[in-house]
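What follows is the content of upload_25.pdb (PDB, C-alpha atoms).
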ATOM      1  CA  ASP A 179      18.272  11.669 -11.506  1.00  0.00           C
ATOM      2  CA  ALA A 180      20.479  13.090 -14.248  1.00  0.00           C
ATOM      3  CA  ALA A 181      21.563   9.526 -15.071  1.00  0.00           C
ATOM      4  CA  GLY A 182      17.926   8.530 -15.646  1.00  0.00           C
ATOM      5  CA  ALA A 183      18.100   5.635 -13.186  1.00  0.00           C
ATOM      6  CA  PHE A 184      15.798   6.989 -10.465  1.00  0.00           C
ATOM      7  CA  VAL A 185      12.148   5.976 -10.876  1.00  0.00           C
ATOM      8  CA  PHE A 186      10.382   7.065  -7.684  1.00  0.00           C
ATOM      9  CA  GLY A 187      10.714   7.202  -3.947  1.00  0.00           C
ATOM     10  CA  GLY A 188       8.432   7.376  -0.998  1.00  0.00           C
ATOM     11  CA  ALA A 189       7.855   6.314   2.553  1.00  0.00           C
ATOM     12  CA  LEU A 190       5.358   4.078   4.293  1.00  0.00           C
ATOM     13  CA  GLN A 191       3.805   5.187   7.557  1.00  0.00           C
ATOM     14  CA  GLY A 192       5.072   3.213  10.523  1.00  0.00           C
ATOM     15  CA  ALA A 193       4.134  -0.355  11.377  1.00  0.00           C
ATOM     16  CA  ASP A 194       1.688   0.869  14.027  1.00  0.00           C
ATOM     17  CA  ASP A 195      -0.479   2.273  11.210  1.00  0.00           C
ATOM     18  CA  ALA A 196      -0.569  -0.994   9.229  1.00  0.00           C
ATOM     19  CA  THR A 197      -3.638  -3.179   8.723  1.00  0.00           C
ATOM     20  CA  VAL A 198      -3.210  -6.795   7.595  1.00  0.00           C
ATOM     21  CA  LEU A 199      -6.020  -8.271   5.482  1.00  0.00           C
ATOM     22  CA  THR A 200      -6.307 -11.991   4.830  1.00  0.00           C
ATOM     23  CA  PRO A 201      -8.039 -13.866   2.001  1.00  0.00           C
ATOM     24  CA  ASP A 202     -10.817 -14.916   4.409  1.00  0.00           C
ATOM     25  CA  ALA A 203     -11.702 -11.211   4.859  1.00  0.00           C
ATOM     26  CA  SER A 204     -10.343 -10.908   8.400  1.00  0.00           C
ATOM     27  CA  ALA A 205      -8.302  -7.872   9.408  1.00  0.00           C
ATOM     28  CA  SER A 206      -5.804  -7.224  12.164  1.00  0.00           C
ATOM     29  CA  ALA A 207      -3.995  -4.120  13.322  1.00  0.00           C
ATOM     30  CA  GLY A 208      -0.260  -3.862  12.913  1.00  0.00           C
ATOM     31  CA  PRO A 209       2.222  -5.285  10.445  1.00  0.00           C
ATOM     32  CA  PHE A 210       2.670  -8.907   9.441  1.00  0.00           C
ATOM     33  CA  SER A 211       3.482 -10.769  12.639  1.00  0.00           C
ATOM     34  CA  VAL A 212       5.421 -13.590  11.002  1.00  0.00           C
ATOM     35  CA  SER A 213       9.132 -12.891  11.315  1.00  0.00           C
ATOM     36  CA  ASN A 214       9.950 -14.645   8.044  1.00  0.00           C
ATOM     37  CA  ALA A 215       7.371 -12.675   5.993  1.00  0.00           C
ATOM     38  CA  HIS A 216       8.810 -10.904   2.985  1.00  0.00           C
ATOM     39  CA  LEU A 217       7.718  -8.316   0.465  1.00  0.00           C
ATOM     40  CA  ALA A 218       6.723 -10.111  -2.724  1.00  0.00           C
ATOM     41  CA  GLY A 219       5.371  -7.037  -4.492  1.00  0.00           C
ATOM     42  CA  PHE A 220       3.336  -3.939  -3.861  1.00  0.00           C
ATOM     43  CA  TYR A 221       0.473  -1.822  -5.119  1.00  0.00           C
ATOM     44  CA  ILE A 222       0.146   1.917  -4.781  1.00  0.00           C
ATOM     45  CA  ILE A 223      -3.429   3.094  -5.130  1.00  0.00           C
ATOM     46  CA  ASN A 224      -5.121   6.454  -4.838  1.00  0.00           C
ATOM     47  CA  ALA A 225      -7.866   6.065  -2.223  1.00  0.00           C
ATOM     48  CA  ASP A 226      -9.996   8.752  -0.603  1.00  0.00           C
ATOM     49  CA  ASP A 227      -9.300   7.399   2.888  1.00  0.00           C
ATOM     50  CA  LEU A 228      -8.068   4.371   4.828  1.00  0.00           C
ATOM     51  CA  GLU A 229     -11.490   2.715   4.655  1.00  0.00           C
ATOM     52  CA  ALA A 230     -11.418   2.836   0.842  1.00  0.00           C
ATOM     53  CA  ALA A 231      -7.832   1.523   0.784  1.00  0.00           C
ATOM     54  CA  ILE A 232      -8.810  -1.373   3.046  1.00  0.00           C
ATOM     55  CA  ALA A 233     -11.733  -2.209   0.731  1.00  0.00           C
ATOM     56  CA  TRP A 234      -9.293  -2.472  -2.201  1.00  0.00           C
ATOM     57  CA  GLY A 235      -6.867  -4.467  -0.060  1.00  0.00           C
ATOM     58  CA  GLU A 236      -9.600  -6.971   0.766  1.00  0.00           C
ATOM     59  CA  LYS A 237     -10.240  -7.476  -2.968  1.00  0.00           C
ATOM     60  CA  VAL A 238      -6.531  -8.030  -3.629  1.00  0.00           C
ATOM     61  CA  ALA A 239      -6.156 -10.471  -0.709  1.00  0.00           C
ATOM     62  CA  GLU A 240      -9.122 -12.477  -1.985  1.00  0.00           C
ATOM     63  CA  ALA A 241      -7.938 -12.431  -5.613  1.00  0.00           C
ATOM     64  CA  THR A 242      -4.352 -13.433  -4.786  1.00  0.00           C
ATOM     65  CA  ASN A 243      -5.186 -15.727  -1.862  1.00  0.00           C
ATOM     66  CA  HIS A 244      -2.411 -14.029   0.135  1.00  0.00           C
ATOM     67  CA  PRO A 245      -2.460 -11.598   3.050  1.00  0.00           C
ATOM     68  CA  ILE A 246      -2.100  -7.929   2.181  1.00  0.00           C
ATOM     69  CA  GLU A 247      -0.678  -5.224   4.422  1.00  0.00           C
ATOM     70  CA  VAL A 248      -2.270  -1.796   3.950  1.00  0.00           C
ATOM     71  CA  ARG A 249      -0.351   1.321   4.964  1.00  0.00           C
ATOM     72  CA  PRO A 250      -0.520   4.970   3.944  1.00  0.00           C
ATOM     73  CA  PHE A 251       2.215   5.904   1.447  1.00  0.00           C
ATOM     74  CA  PHE A 252       3.889   9.275   1.089  1.00  0.00           C
ATOM     75  CA  ALA A 253       5.336   9.922  -2.362  1.00  0.00           C
ATOM     76  CA  THR A 254       8.377  12.108  -2.880  1.00  0.00           C
ATOM     77  CA  GLY A 255       9.897  13.997  -5.810  1.00  0.00           C
ATOM     78  CA  ARG A 256       8.302  13.667  -9.258  1.00  0.00           C
ATOM     79  CA  VAL A 257       5.737  11.133  -8.083  1.00  0.00           C
ATOM     80  CA  ALA A 258       4.523  13.511  -5.365  1.00  0.00           C
ATOM     81  CA  ASP A 259       4.254  16.301  -7.931  1.00  0.00           C
ATOM     82  CA  GLN A 260       2.273  14.079 -10.314  1.00  0.00           C
ATOM     83  CA  MET A 261      -0.017  12.837  -7.561  1.00  0.00           C
ATOM     84  CA  LYS A 262      -1.119  16.388  -6.687  1.00  0.00           C
ATOM     85  CA  ASP A 263      -3.284  16.394  -9.822  1.00  0.00           C
ATOM     86  CA  MET A 264      -4.909  13.008  -9.192  1.00  0.00           C
ATOM     87  CA  PRO A 265      -8.530  12.719  -8.058  1.00  0.00           C
ATOM     88  CA  GLY A 266      -8.745  12.430  -4.286  1.00  0.00           C
ATOM     89  CA  ALA A 267      -5.361  14.077  -3.746  1.00  0.00           C
TER      90      ALA A 267
END
For this file, produce the structure as structure tokens.
Amino acid sequence: DAAGAFVFGGALQGADDATVLTPDASASAGPFSVSNAHLAGFYIINADDLEAAIAWGEKVAEATNHPIEVRPFFATGRVADQMKDMPGA
């Protein structure tokens, strides 16, 4: 961090805790099942619970016309410290 290169770090909960949302508003448990799926980007939101996160994920899937995988995220370091003061934390 002294070099100023580190931005943030964190961990996703395991694949068993994932929910996949599709643009047609369907949901399935578990991670993307397609073996050639790749991470094209990500969003980190502050949601009160998994139900609220899934509601946001449904909006993103519909807006982007792409499936979205929702998983709890655990921030580390400075990000974790900053998140302590956020509403819902």
Carefully work through the PyMOL selection byres ((chain A and resi 189) around 8) for this structure and note down the residues it includes, as a list in words.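 That selection, the PyMOL selection byres ((chain A and resi 189) around 8), comes back as Gly187, Gly188, Leu190, Gln191, Phe251, Phe252, Ala253 and Thr254 of chain A.
Pairwise distance (atom CA of A:Asp202, atom CA of A:Asp226) equals 24.2 Å.
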For A:Ile222, which of A:Ala180, A:Ala239, A:Ala193, A:Val248 is the closest residue, counting only C-alpha atoms?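 Closest to A:Ile222 of all the choices is A:Val248.
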Hey, what comes out of the PyMOL selection byres ((chain A and resi 228) around 12) on this file? Could you write it as a list in words?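 When the PyMOL selection byres ((chain A and resi 228) around 12) is applied, the selected residues are Asp195, Ala196, Thr197, Ile223, Asn224, Ala225, Asp226, Asp227, Glu229, Ala230, Ala231, Ile232, Ala233, Trp234, Gly235, Val248, Arg249, Pro250 and Phe251 of chain A.
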What is the distance, in Å and to one decimal place, between atom CA of A:Val238 and atom CA of A:Phe184? 27.8 Å
Grab the atom CA of A:Tyr221 to atom CA of A:His244 distance for me, in Å with one decimal place.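 About the pair atom CA of A:Tyr221 and atom CA of A:His244: they are 13.6 Å apart.
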Just checking: using all atoms listed in the file, which residue out of A:Ala183, A:Ser204, A:Gly219, A:Gly192 ends up closest to A:Glu240?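 Checking each candidate against A:Glu240, we get A:Ser204 as the closest.
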Write out as JSON an axis-aligned box for stretch 192-205 of chain A: all of its atoms listed in the file, 6 Å added on each side, centre and edge lengths in Å with one decimal.
{"center_x": -3.3, "center_y": -5.9, "center_z": 8.0, "size_x": 28.8, "size_y": 30.1, "size_z": 24.0}
